[in-house]
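A short worksheet on the structure shown next.
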Amino acid sequence: MKKSLFLYLFIIAVLINVFTYKYFSSKNGAELQSLTETNKKLTDSITSVSNQLYDANAFSLENNDRAQNYLNQNDIKAFDEKVKQALLAYNDAPEGNKYTDQPKMGEQKYIINKVKLLNHRWIIANYSNGEIWGEVLLKYFVNEDQTISFEIMDSYLYPKALN
């Protein structure tokens, strides 16, 4: 009777071990599958964001070799910053930035907020007076004395949103 009891206990212990092994091995397999799928989704998301970023920067001075060669500048980032600062300096005028193509309305003057150099000749910028927003397309020129001059190509003032 003692032998059969030990035999039954041994068989039960073996069965518990087999079922436990099977449970944990299938659980690990499911977790591995889930991690693999998550990794694939994340990789696809990173690829998608990278492609969107590349497309968004397709029109930028930093990614345009022909424009960089035309400008013949050693440090494009420094040149980019120089042009932006030259344009933003007009924000200090009492009537607002004259390159927004908008007159001052009451106490609020229009100033340029963001600037992006598209190539060796064009800039796109957005501007506002705190309530109304617009965008402007500018030409810029590097003069012989290395100063920067600007010319308005077109601007658009968005209608004031009714709340």
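Chain identifiers are assigned as A, B, and so on, following the order in which chains appear in the structure tokens; residues are numbered from 1 within each chain, and ligands are numbered from 1 in order of appearance.
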As a list of chain:residue names, which residues of segment 39-134 of chain A does DSSP assign to strand (DSSP E or B)? A:Met105, A:Gln108, A:Ile111, A:Ile112, A:Asn113, A:Lys114, A:Val115, A:Lys116, A:Leu117, A:Trp122, A:Ile123, A:Ile124, A:Ala125, A:Asn126, A:Tyr127, A:Ser128, A:Trp133, A:Gly134
From the DSSP assignment of the backbone, select every residue of chain A that is helix (DSSP H, G or I), and format the answer as a JSON list (two decimals) with N, CA and C atoms, in the first residue's frame.
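Final output, saved to selection_20.json:
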```
[["chain", "number", "residue", "atom", "x", "y", "z"],
["A", 2, "LYS", "N", 1.96, 1.22, 0.77],
["A", 2, "LYS", "CA", 2.88, 2.34, 0.81],
["A", 2, "LYS", "C", 3.52, 2.56, -0.56],
["A", 3, "LYS", "N", 3.86, 1.46, -1.25],
["A", 3, "LYS", "CA", 4.48, 1.59, -2.57],
["A", 3, "LYS", "C", 3.51, 2.20, -3.56],
["A", 4, "SER", "N", 2.27, 1.75, -3.53],
["A", 4, "SER", "CA", 1.30, 2.27, -4.47],
["A", 4, "SER", "C", 0.99, 3.76, -4.17],
["A", 5, "LEU", "N", 0.98, 4.13, -2.88],
["A", 5, "LEU", "CA", 0.78, 5.53, -2.52],
["A", 5, "LEU", "C", 1.91, 6.38, -3.08],
["A", 6, "PHE", "N", 3.16, 5.94, -2.90],
["A", 6, "PHE", "CA", 4.30, 6.67, -3.46],
["A", 6, "PHE", "C", 4.26, 6.70, -4.98],
["A", 7, "LEU", "N", 3.79, 5.61, -5.59],
["A", 7, "LEU", "CA", 3.67, 5.55, -7.04],
["A", 7, "LEU", "C", 2.65, 6.57, -7.52],
["A", 8, "TYR", "N", 1.47, 6.63, -6.85],
["A", 8, "TYR", "CA", 0.45, 7.60, -7.22],
["A", 8, "TYR", "C", 0.94, 9.04, -7.01],
["A", 9, "LEU", "N", 1.60, 9.28, -5.89],
["A", 9, "LEU", "CA", 2.15, 10.61, -5.64],
["A", 9, "LEU", "C", 3.21, 10.98, -6.68],
["A", 10, "PHE", "N", 4.04, 10.02, -7.06],
["A", 10, "PHE", "CA", 5.06, 10.26, -8.10],
["A", 10, "PHE", "C", 4.38, 10.58, -9.43],
["A", 11, "ILE", "N", 3.36, 9.82, -9.79],
["A", 11, "ILE", "CA", 2.65, 10.06, -11.06],
["A", 11, "ILE", "C", 1.98, 11.43, -11.03],
["A", 12, "ILE", "N", 1.34, 11.79, -9.92],
["A", 12, "ILE", "CA", 0.70, 13.10, -9.79],
["A", 12, "ILE", "C", 1.74, 14.21, -9.88],
["A", 13, "ALA", "N", 2.88, 14.04, -9.23],
["A", 13, "ALA", "CA", 3.95, 15.04, -9.28],
["A", 13, "ALA", "C", 4.47, 15.20, -10.71],
["A", 14, "VAL", "N", 4.62, 14.09, -11.43],
["A", 14, "VAL", "CA", 5.09, 14.15, -12.83],
["A", 14, "VAL", "C", 4.06, 14.85, -13.68],
["A", 15, "LEU", "N", 2.78, 14.53, -13.50],
["A", 15, "LEU", "CA", 1.73, 15.18, -14.29],
["A", 15, "LEU", "C", 1.68, 16.69, -14.00],
["A", 16, "ILE", "N", 1.78, 17.05, -12.71],
["A", 16, "ILE", "CA", 1.79, 18.49, -12.36],
["A", 16, "ILE", "C", 2.98, 19.18, -13.03],
["A", 17, "ASN", "N", 4.13, 18.56, -13.01],
["A", 17, "ASN", "CA", 5.32, 19.13, -13.67],
["A", 17, "ASN", "C", 5.12, 19.25, -15.16],
["A", 18, "VAL", "N", 4.53, 18.25, -15.80],
["A", 18, "VAL", "CA", 4.29, 18.28, -17.25],
["A", 18, "VAL", "C", 3.32, 19.42, -17.59],
["A", 19, "PHE", "N", 2.22, 19.48, -16.84],
["A", 19, "PHE", "CA", 1.25, 20.55, -17.11],
["A", 19, "PHE", "C", 1.84, 21.94, -16.82],
["A", 20, "THR", "N", 2.59, 22.08, -15.75],
["A", 20, "THR", "CA", 3.24, 23.35, -15.43],
["A", 20, "THR", "C", 4.22, 23.74, -16.53],
["A", 21, "TYR", "N", 5.02, 22.80, -16.99],
["A", 21, "TYR", "CA", 5.97, 23.06, -18.07],
["A", 21, "TYR", "C", 5.23, 23.50, -19.33],
["A", 22, "LYS", "N", 4.17, 22.78, -19.67],
["A", 22, "LYS", "CA", 3.40, 23.09, -20.88],
["A", 22, "LYS", "C", 2.78, 24.48, -20.76],
["A", 23, "TYR", "N", 2.21, 24.80, -19.58],
["A", 23, "TYR", "CA", 1.59, 26.10, -19.36],
["A", 23, "TYR", "C", 2.60, 27.24, -19.53],
["A", 24, "PHE", "N", 3.73, 27.13, -18.84],
["A", 24, "PHE", "CA", 4.71, 28.20, -18.90],
["A", 24, "PHE", "C", 5.41, 28.29, -20.26],
["A", 25, "SER", "N", 5.60, 27.19, -20.93],
["A", 25, "SER", "CA", 6.22, 27.26, -22.26],
["A", 25, "SER", "C", 5.27, 27.90, -23.27],
["A", 26, "SER", "N", 3.97, 27.61, -23.17],
["A", 26, "SER", "CA", 3.02, 28.25, -24.09],
["A", 26, "SER", "C", 2.84, 29.72, -23.72],
["A", 27, "LYS", "N", 2.89, 30.04, -22.42],
["A", 27, "LYS", "CA", 2.78, 31.43, -21.98],
["A", 27, "LYS", "C", 3.97, 32.24, -22.50],
["A", 28, "ASN", "N", 5.17, 31.68, -22.41],
["A", 28, "ASN", "CA", 6.36, 32.37, -22.92],
["A", 28, "ASN", "C", 6.27, 32.54, -24.43],
["A", 29, "GLY", "N", 5.75, 31.54, -25.11],
["A", 29, "GLY", "CA", 5.59, 31.64, -26.56],
["A", 29, "GLY", "C", 4.62, 32.74, -26.94],
["A", 30, "ALA", "N", 3.51, 32.87, -26.20],
["A", 30, "ALA", "CA", 2.53, 33.92, -26.46],
["A", 30, "ALA", "C", 3.12, 35.29, -26.18],
["A", 31, "GLU", "N", 3.88, 35.40, -25.08],
["A", 31, "GLU", "CA", 4.52, 36.67, -24.76],
["A", 31, "GLU", "C", 5.56, 37.04, -25.82],
["A", 32, "LEU", "N", 6.29, 36.07, -26.27],
["A", 32, "LEU", "CA", 7.28, 36.32, -27.32],
["A", 32, "LEU", "C", 6.60, 36.78, -28.60],
["A", 33, "GLN", "N", 5.49, 36.13, -28.94],
["A", 33, "GLN", "CA", 4.72, 36.52, -30.14],
["A", 33, "GLN", "C", 4.21, 37.95, -29.98],
["A", 34, "SER", "N", 3.68, 38.27, -28.80],
["A", 34, "SER", "CA", 3.16, 39.61, -28.54],
["A", 34, "SER", "C", 4.27, 40.65, -28.63],
["A", 35, "LEU", "N", 5.42, 40.35, -28.05],
["A", 35, "LEU", "CA", 6.56, 41.27, -28.13],
["A", 35, "LEU", "C", 7.04, 41.45, -29.56],
["A", 36, "THR", "N", 7.03, 40.39, -30.33],
["A", 36, "THR", "CA", 7.45, 40.46, -31.73],
["A", 36, "THR", "C", 6.49, 41.36, -32.51],
["A", 37, "GLU", "N", 5.18, 41.20, -32.28],
["A", 37, "GLU", "CA", 4.20, 42.03, -32.97],
["A", 37, "GLU", "C", 4.33, 43.50, -32.55],
["A", 38, "THR", "N", 4.54, 43.73, -31.27],
["A", 38, "THR", "CA", 4.72, 45.10, -30.78],
["A", 38, "THR", "C", 5.97, 45.73, -31.38],
["A", 39, "ASN", "N", 7.04, 44.97, -31.43],
["A", 39, "ASN", "CA", 8.30, 45.45, -32.02],
["A", 39, "ASN", "C", 8.10, 45.81, -33.48],
["A", 40, "LYS", "N", 7.35, 44.99, -34.22],
["A", 40, "LYS", "CA", 7.09, 45.26, -35.64],
["A", 40, "LYS", "C", 6.27, 46.54, -35.79],
["A", 41, "LYS", "N", 5.25, 46.72, -34.93],
["A", 41, "LYS", "CA", 4.44, 47.93, -34.99],
["A", 41, "LYS", "C", 5.28, 49.17, -34.70],
["A", 42, "LEU", "N", 6.15, 49.08, -33.68],
["A", 42, "LEU", "CA", 7.00, 50.21, -33.33],
["A", 42, "LEU", "C", 7.99, 50.52, -34.45],
["A", 43, "THR", "N", 8.54, 49.49, -35.06],
["A", 43, "THR", "CA", 9.46, 49.69, -36.17],
["A", 43, "THR", "C", 8.75, 50.35, -37.33],
["A", 44, "ASP", "N", 7.52, 49.91, -37.63],
["A", 44, "ASP", "CA", 6.73, 50.53, -38.69],
["A", 44, "ASP", "C", 6.41, 51.98, -38.36],
["A", 45, "SER", "N", 6.12, 52.26, -37.09],
["A", 45, "SER", "CA", 5.81, 53.63, -36.67],
["A", 45, "SER", "C", 7.04, 54.53, -36.82],
["A", 46, "ILE", "N", 8.18, 54.02, -36.42],
["A", 46, "ILE", "CA", 9.42, 54.80, -36.54],
["A", 46, "ILE", "C", 9.73, 55.07, -38.01],
["A", 47, "THR", "N", 9.54, 54.08, -38.85],
["A", 47, "THR", "CA", 9.77, 54.25, -40.28],
["A", 47, "THR", "C", 8.81, 55.28, -40.85],
["A", 48, "SER", "N", 7.56, 55.21, -40.43],
["A", 48, "SER", "CA", 6.55, 56.16, -40.90],
["A", 48, "SER", "C", 6.90, 57.59, -40.46],
["A", 49, "VAL", "N", 7.27, 57.76, -39.21],
["A", 49, "VAL", "CA", 7.64, 59.10, -38.71],
["A", 49, "VAL", "C", 8.89, 59.60, -39.41],
["A", 50, "SER", "N", 9.85, 58.73, -39.64],
["A", 50, "SER", "CA", 11.07, 59.12, -40.35],
["A", 50, "SER", "C", 10.74, 59.58, -41.76],
["A", 51, "ASN", "N", 9.85, 58.87, -42.44],
["A", 51, "ASN", "CA", 9.45, 59.25, -43.79],
["A", 51, "ASN", "C", 8.71, 60.59, -43.79],
["A", 52, "GLN", "N", 7.85, 60.80, -42.80],
["A", 52, "GLN", "CA", 7.14, 62.07, -42.70],
["A", 52, "GLN", "C", 8.10, 63.21, -42.44],
["A", 53, "LEU", "N", 9.08, 62.98, -41.58],
["A", 53, "LEU", "CA", 10.07, 64.01, -41.30],
["A", 53, "LEU", "C", 10.90, 64.32, -42.54],
["A", 54, "TYR", "N", 11.27, 63.30, -43.27],
["A", 54, "TYR", "CA", 12.03, 63.50, -44.50],
["A", 54, "TYR", "C", 11.21, 64.31, -45.50],
["A", 55, "ASP", "N", 9.93, 63.95, -45.65],
["A", 55, "ASP", "CA", 9.05, 64.69, -46.56],
["A", 55, "ASP", "C", 8.86, 66.14, -46.10],
["A", 56, "ALA", "N", 8.72, 66.34, -44.79],
["A", 56, "ALA", "CA", 8.52, 67.69, -44.27],
["A", 56, "ALA", "C", 9.76, 68.55, -44.49],
["A", 61, "LEU", "N", 16.61, 74.51, -46.57],
["A", 61, "LEU", "CA", 17.96, 74.85, -47.00],
["A", 61, "LEU", "C", 18.97, 73.78, -46.57],
["A", 62, "GLU", "N", 18.76, 73.19, -45.40],
["A", 62, "GLU", "CA", 19.69, 72.20, -44.88],
["A", 62, "GLU", "C", 19.75, 70.93, -45.73],
["A", 63, "ASN", "N", 18.67, 70.64, -46.46],
["A", 63, "ASN", "CA", 18.63, 69.42, -47.28],
["A", 63, "ASN", "C", 18.74, 69.69, -48.76],
["A", 65, "ASP", "N", 21.24, 70.61, -51.50],
["A", 65, "ASP", "CA", 22.66, 70.78, -51.84],
["A", 65, "ASP", "C", 22.88, 71.84, -52.90],
["A", 66, "ARG", "N", 21.98, 71.94, -53.86],
["A", 66, "ARG", "CA", 22.15, 72.95, -54.92],
["A", 66, "ARG", "C", 22.07, 74.36, -54.34],
["A", 67, "ALA", "N", 21.12, 74.56, -53.44],
["A", 67, "ALA", "CA", 20.99, 75.88, -52.82],
["A", 67, "ALA", "C", 22.21, 76.20, -51.96],
["A", 68, "GLN", "N", 22.72, 75.20, -51.26],
["A", 68, "GLN", "CA", 23.91, 75.40, -50.44],
["A", 68, "GLN", "C", 25.10, 75.76, -51.32],
["A", 69, "ASN", "N", 25.24, 75.08, -52.44],
["A", 69, "ASN", "CA", 26.34, 75.39, -53.36],
["A", 69, "ASN", "C", 26.20, 76.80, -53.92],
["A", 70, "TYR", "N", 24.97, 77.20, -54.22],
["A", 70, "TYR", "CA", 24.73, 78.54, -54.75],
["A", 70, "TYR", "C", 25.14, 79.60, -53.73],
["A", 71, "LEU", "N", 24.79, 79.36, -52.47],
["A", 71, "LEU", "CA", 25.12, 80.34, -51.42],
["A", 71, "LEU", "C", 26.59, 80.36, -51.10],
["A", 76, "ILE", "N", 26.04, 76.34, -42.93],
["A", 76, "ILE", "CA", 24.65, 76.60, -43.32],
["A", 76, "ILE", "C", 23.79, 76.92, -42.10],
["A", 77, "LYS", "N", 24.03, 76.24, -40.98],
["A", 77, "LYS", "CA", 23.21, 76.50, -39.78],
["A", 77, "LYS", "C", 23.42, 77.94, -39.29],
["A", 78, "ALA", "N", 24.66, 78.40, -39.32],
["A", 78, "ALA", "CA", 24.94, 79.77, -38.90],
["A", 78, "ALA", "C", 24.32, 80.77, -39.88],
["A", 79, "PHE", "N", 24.38, 80.46, -41.17],
["A", 79, "PHE", "CA", 23.77, 81.32, -42.18],
["A", 79, "PHE", "C", 22.26, 81.37, -41.99],
["A", 80, "ASP", "N", 21.66, 80.20, -41.77],
["A", 80, "ASP", "CA", 20.22, 80.09, -41.53],
["A", 80, "ASP", "C", 19.82, 80.97, -40.35],
["A", 81, "GLU", "N", 20.57, 80.88, -39.28],
["A", 81, "GLU", "CA", 20.28, 81.68, -38.08],
["A", 81, "GLU", "C", 20.47, 83.18, -38.36],
["A", 82, "LYS", "N", 21.47, 83.53, -39.14],
["A", 82, "LYS", "CA", 21.73, 84.93, -39.48],
["A", 82, "LYS", "C", 20.54, 85.52, -40.24],
["A", 83, "VAL", "N", 20.02, 84.78, -41.21],
["A", 83, "VAL", "CA", 18.89, 85.25, -42.00],
["A", 83, "VAL", "C", 17.65, 85.38, -41.11],
["A", 84, "LYS", "N", 17.40, 84.39, -40.27],
["A", 84, "LYS", "CA", 16.23, 84.44, -39.38],
["A", 84, "LYS", "C", 16.31, 85.63, -38.44],
["A", 85, "GLN", "N", 17.47, 85.85, -37.86],
["A", 85, "GLN", "CA", 17.63, 86.97, -36.93],
["A", 85, "GLN", "C", 17.47, 88.31, -37.64],
["A", 86, "ALA", "N", 17.95, 88.39, -38.89],
["A", 86, "ALA", "CA", 17.80, 89.63, -39.65],
["A", 86, "ALA", "C", 16.32, 89.92, -39.89],
["A", 87, "LEU", "N", 15.53, 88.90, -40.16],
["A", 87, "LEU", "CA", 14.09, 89.09, -40.37],
["A", 87, "LEU", "C", 13.36, 89.38, -39.06],
["A", 88, "LEU", "N", 13.71, 88.65, -38.02],
["A", 88, "LEU", "CA", 13.05, 88.85, -36.72],
["A", 88, "LEU", "C", 13.39, 90.20, -36.08],
["A", 89, "ALA", "N", 14.50, 90.81, -36.50],
["A", 89, "ALA", "CA", 14.88, 92.12, -35.95],
["A", 89, "ALA", "C", 13.84, 93.18, -36.28],
["A", 90, "TYR", "N", 13.11, 93.00, -37.38],
["A", 90, "TYR", "CA", 12.07, 93.95, -37.76],
["A", 90, "TYR", "C", 10.85, 93.87, -36.83],
["A", 91, "ASN", "N", 10.75, 92.84, -35.99],
["A", 91, "ASN", "CA", 9.65, 92.72, -35.04],
["A", 91, "ASN", "C", 9.68, 93.84, -34.00],
["A", 92, "ASP", "N", 10.85, 94.44, -33.78],
["A", 92, "ASP", "CA", 11.00, 95.48, -32.77],
["A", 92, "ASP", "C", 10.47, 96.84, -33.21],
["A", 98, "LYS", "N", 7.47, 94.91, -40.90],
["A", 98, "LYS", "CA", 6.95, 95.37, -42.20],
["A", 98, "LYS", "C", 6.86, 94.24, -43.22],
["A", 99, "TYR", "N", 7.51, 93.12, -42.95],
["A", 99, "TYR", "CA", 7.48, 92.01, -43.91],
["A", 99, "TYR", "C", 6.32, 91.05, -43.65],
["A", 100, "THR", "N", 5.38, 91.43, -42.79],
["A", 100, "THR", "CA", 4.15, 90.66, -42.66],
["A", 100, "THR", "C", 3.13, 91.13, -43.68]]
```
For Leu118 of chain A, which residue out of A:Gly96, A:Lys160, A:Glu151, A:Tyr140 is the nearest one, using only C-alpha atoms? A:Tyr140
Which is closest to Asn126 of chain A among A:Glu107, A:Asp75, A:Asp145, A:Asp101, if we use only C-alpha atoms?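 For Asn126 of chain A, the nearest of the given residues is A:Asp101.
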Work out how far apart atom CA of Asn57 of chain A and atom CA of Pro159 of chain A are and give it in Å to one decimal.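 These atoms are spaced 27.8 Å apart.
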Calculate how many Å separate atom CA of Asn74 of chain A from atom CA of Ser60 of chain A, rounding to one decimal. 16.6 Å
A straight line from atom CA of Lys109 of chain A to atom CA of Ile148 of chain A spans 22.8 Å
Counting only C-alpha atoms, which residue out of A:Asn97, A:Leu157, A:Phe150, A:Trp122 sits closest to Leu137 of chain A? A:Trp122
